[in-house]
Amino acid sequence: QVVLVTAGSRGVGRAIALRLAEAGADLVVNFAHARPDADAVAGRIADLGRRVAEVQADLTEPDDLATMLDWIGTTFGRLDLVVCNVPAGPATPLLATTPADFDVAMQRGVRPLILLAQHATDLLARCPGGGQIVAVGRATGKTGLNPTQSAALSRTVEHLAEELAPRGVRVNALLGGEAAPETIADTVLLLAS
């Protein structure tokens, strides 16, 4: 399988990329700024004997996503799984949340998933047995902006799952909370298999 892991150079994304490579997947590691970290992850994946590529792209920009996914299609010829690794929103109470805080939480937490689905569906739909999108978020706390972002992500996944099912693409959400990165990575592997 060929897997795209967004924000795959550090933290949870790094753990997911390494776990999937250990299981035999070829990886595309997306990063925004941390090229040295992406280089290190790619080196570990290559040491496992897997094909690996690093792609710098801003997940909030449609042109960046379109370019990245076109490149994946041309280079690898397929895409089986997209792991949309969403950064946790701030733990700001809603009554203290500014419009700018809300916009950032939705732009970083929900917009990339929608854009990835729009740009990756054609590749995913061509996979034997169907492709898959897994949105990985971090729901921390019970009130405030972070759980609001997680709830929006979860509802977005529900709607995308319904829209993409006729094309054979599965969509799941994994809200990891305070779980260790390795535990989240194990769960993504289970969903992918």
# chains A, B, ... in the order shown; residues from 1 in each chain; ligands from 1
$ select_by_dssp --residues "segment 21-129 of chain A" --states "helix (DSSP H, G or I)" --output "JSON, numbers by chain"
{"A": [21, 22, 35, 36, 37, 38, 39, 40, 41, 42, 43, 44, 45, 46, 47, 62, 63, 64, 65, 66, 67, 68, 69, 70, 71, 72, 73, 74, 75, 76, 94, 95, 96, 99, 100, 101, 102, 103, 104, 105, 106, 107, 108, 109, 111, 112, 113, 114, 115, 116, 117, 118, 119, 120, 121, 122, 123, 124, 125]}
$ closest_atom_pairs --of "segment 21-123 of chain A" --to "segment 172-182 of chain A" --cutoff "12 Å" --atoms "only C-alpha atoms" --output "CSV"
residue,atom,partner,partner_atom,distance
A:Leu81,CA,A:Asn172,CA,11.1
A:Val82,CA,A:Asn172,CA,10.6
A:Val83,CA,A:Asn172,CA,9.7
A:Cys84,CA,A:Ala173,CA,9.4
A:Asn85,CA,A:Leu174,CA,9.6
A:Val86,CA,A:Leu175,CA,9.7
A:Pro87,CA,A:Leu175,CA,11.1
A:Ala88,CA,A:Gly177,CA,9.2
A:Gly89,CA,A:Gly177,CA,11.7
A:Gly109,CA,A:Leu175,CA,11.9
A:Val110,CA,A:Ala173,CA,11.7
A:Leu113,CA,A:Ala173,CA,10.5
A:Ala117,CA,A:Asn172,CA,12.0
$ closest_residue --among "A:Ser9, A:Thr140, A:Ser193, A:Ser150" --to "Arg44 of chain A" --atoms "only C-alpha atoms"
A:Ser9
$ closest_residue --among "A:Gln1, A:Thr143, A:Thr156, A:Gln132" --to "Val171 of chain A" --atoms "only C-alpha atoms"
A:Gln132
$ closest_atom_pairs --of "segment 120-175 of chain A" --to "segment 12-32 of chain A" --cutoff "10 Å" --atoms "only C-alpha atoms" --output "JSON lines"
{"residue": "A:Val136", "atom": "CA", "partner": "A:Val12", "partner_atom": "CA", "distance": 8.9}
{"residue": "A:Gly137", "atom": "CA", "partner": "A:Val12", "partner_atom": "CA", "distance": 9.7}
{"residue": "A:Arg138", "atom": "CA", "partner": "A:Val12", "partner_atom": "CA", "distance": 9.9}
$ closest_atom_pairs --of "segment 67-172 of chain A" --to "segment 48-55 of chain A" --cutoff "12 Å" --atoms "only C-alpha atoms" --output "Markdown table"
| residue | atom | partner | partner_atom | distance |
| --- | --- | --- | --- | --- |
| A:Thr67 | CA | A:Val55 | CA | 10.0 |
| A:Met68 | CA | A:Val55 | CA | 7.0 |
| A:Leu69 | CA | A:Val55 | CA | 9.9 |
| A:Asp70 | CA | A:Val55 | CA | 11.7 |
| A:Trp71 | CA | A:Val55 | CA | 9.3 |
| A:Ile72 | CA | A:Ala53 | CA | 9.1 |
| A:Thr75 | CA | A:Ala53 | CA | 9.5 |
| A:Phe76 | CA | A:Arg51 | CA | 9.3 |
$ write_last_selection --atoms "C-alpha atoms" --output "PDB file, in the first residue's frame"
ATOM      1  CA  THR A  67       0.164  19.555  -6.530  1.00  0.00           C
ATOM      2  CA  MET A  68       1.077  17.043  -3.811  1.00  0.00           C
ATOM      3  CA  LEU A  69      -1.619  14.550  -4.802  1.00  0.00           C
ATOM      4  CA  ASP A  70      -0.866  14.869  -8.524  1.00  0.00           C
ATOM      5  CA  TRP A  71       2.782  14.150  -7.699  1.00  0.00           C
ATOM      6  CA  ILE A  72       1.825  11.098  -5.612  1.00  0.00           C
ATOM      7  CA  THR A  75       5.290   8.942  -8.746  1.00  0.00           C
ATOM      8  CA  PHE A  76       3.616   6.019  -6.972  1.00  0.00           C
TER       9      PHE A  76
END
$ closest_residue --among "A:Ala91, A:Leu153, A:Ala46, A:Ala96" --to "Gly141 of chain A" --atoms "only C-alpha atoms"
A:Ala91
$ select_by_dssp --residues "chain A" --states "strand (DSSP E)" --output "ChimeraX atom specification"
/A:2-5,26-31,52-56,81-85,132-137,170-175
$ closest_residue --among "A:His159, A:Arg78, A:Arg10, A:Arg35" --to "Ala120 of chain A" --atoms "only C-alpha atoms"
A:Arg78
$ residues_around --residues "Leu123 of chain A" --least-positions-apart "3" --cutoff "8 Å" --atoms "only C-alpha atoms" --output "PyMOL selection string"
chain A and resi 73+78-80+120+126-127
$ write_last_selection --atoms "N, CA and C atoms" --output "mmCIF file, in the first residue's frame"
data_model
loop_
_atom_site.group_PDB
_atom_site.id
_atom_site.type_symbol
_atom_site.label_atom_id
_atom_site.label_comp_id
_atom_site.auth_asym_id
_atom_site.auth_seq_id
_atom_site.Cartn_x
_atom_site.Cartn_y
_atom_site.Cartn_z
ATOM 1 N N GLY A 73 0.261 10.593 -7.403
ATOM 2 C CA GLY A 73 -0.311 9.756 -8.459
ATOM 3 C C GLY A 73 0.702 9.439 -9.545
ATOM 4 N N ARG A 78 -0.536 5.141 -7.290
ATOM 5 C CA ARG A 78 -1.695 4.764 -6.484
ATOM 6 C C ARG A 78 -1.621 5.478 -5.140
ATOM 7 N N LEU A 79 -2.734 5.457 -4.438
ATOM 8 C CA LEU A 79 -2.798 5.946 -3.064
ATOM 9 C C LEU A 79 -3.888 5.145 -2.375
ATOM 10 N N ASP A 80 -3.514 4.399 -1.326
ATOM 11 C CA ASP A 80 -4.439 3.515 -0.640
ATOM 12 C C ASP A 80 -5.041 4.131 0.615
ATOM 13 N N ALA A 120 -8.016 13.844 -3.088
ATOM 14 C CA ALA A 120 -7.485 12.478 -3.062
ATOM 15 C C ALA A 120 -8.491 11.423 -3.500
ATOM 16 N N ARG A 126 -9.610 4.362 -6.995
ATOM 17 C CA ARG A 126 -9.052 3.399 -7.949
ATOM 18 C C ARG A 126 -8.380 2.209 -7.261
ATOM 19 N N CYS A 127 -8.259 2.244 -5.928
ATOM 20 C CA CYS A 127 -7.587 1.161 -5.207
ATOM 21 C C CYS A 127 -8.410 -0.107 -5.249
#
$ closest_residue --among "A:Leu189, A:Asp122, A:Ala105, A:Arg155" --to "Val3 of chain A" --atoms "only C-alpha atoms"
A:Leu189
$ residues_around --residues "Thr60 of chain A" --least-positions-apart "4" --cutoff "8 Å" --atoms "only C-alpha atoms" --output "VMD selection string"
chain A and resid 107 to 108 111 to 112 115
$ write_last_selection --atoms "C-alpha atoms" --output "PDB file, in the first residue's frame"
ATOM      1  CA  GLN A 107      -8.819  26.116   9.291  1.00  0.00           C
ATOM      2  CA  ARG A 108      -6.171  23.866  10.818  1.00  0.00           C
ATOM      3  CA  ARG A 111     -10.373  22.416   6.348  1.00  0.00           C
ATOM      4  CA  PRO A 112      -7.408  20.093   5.552  1.00  0.00           C
ATOM      5  CA  LEU A 115      -9.498  19.540   0.943  1.00  0.00           C
TER       6      LEU A 115
END
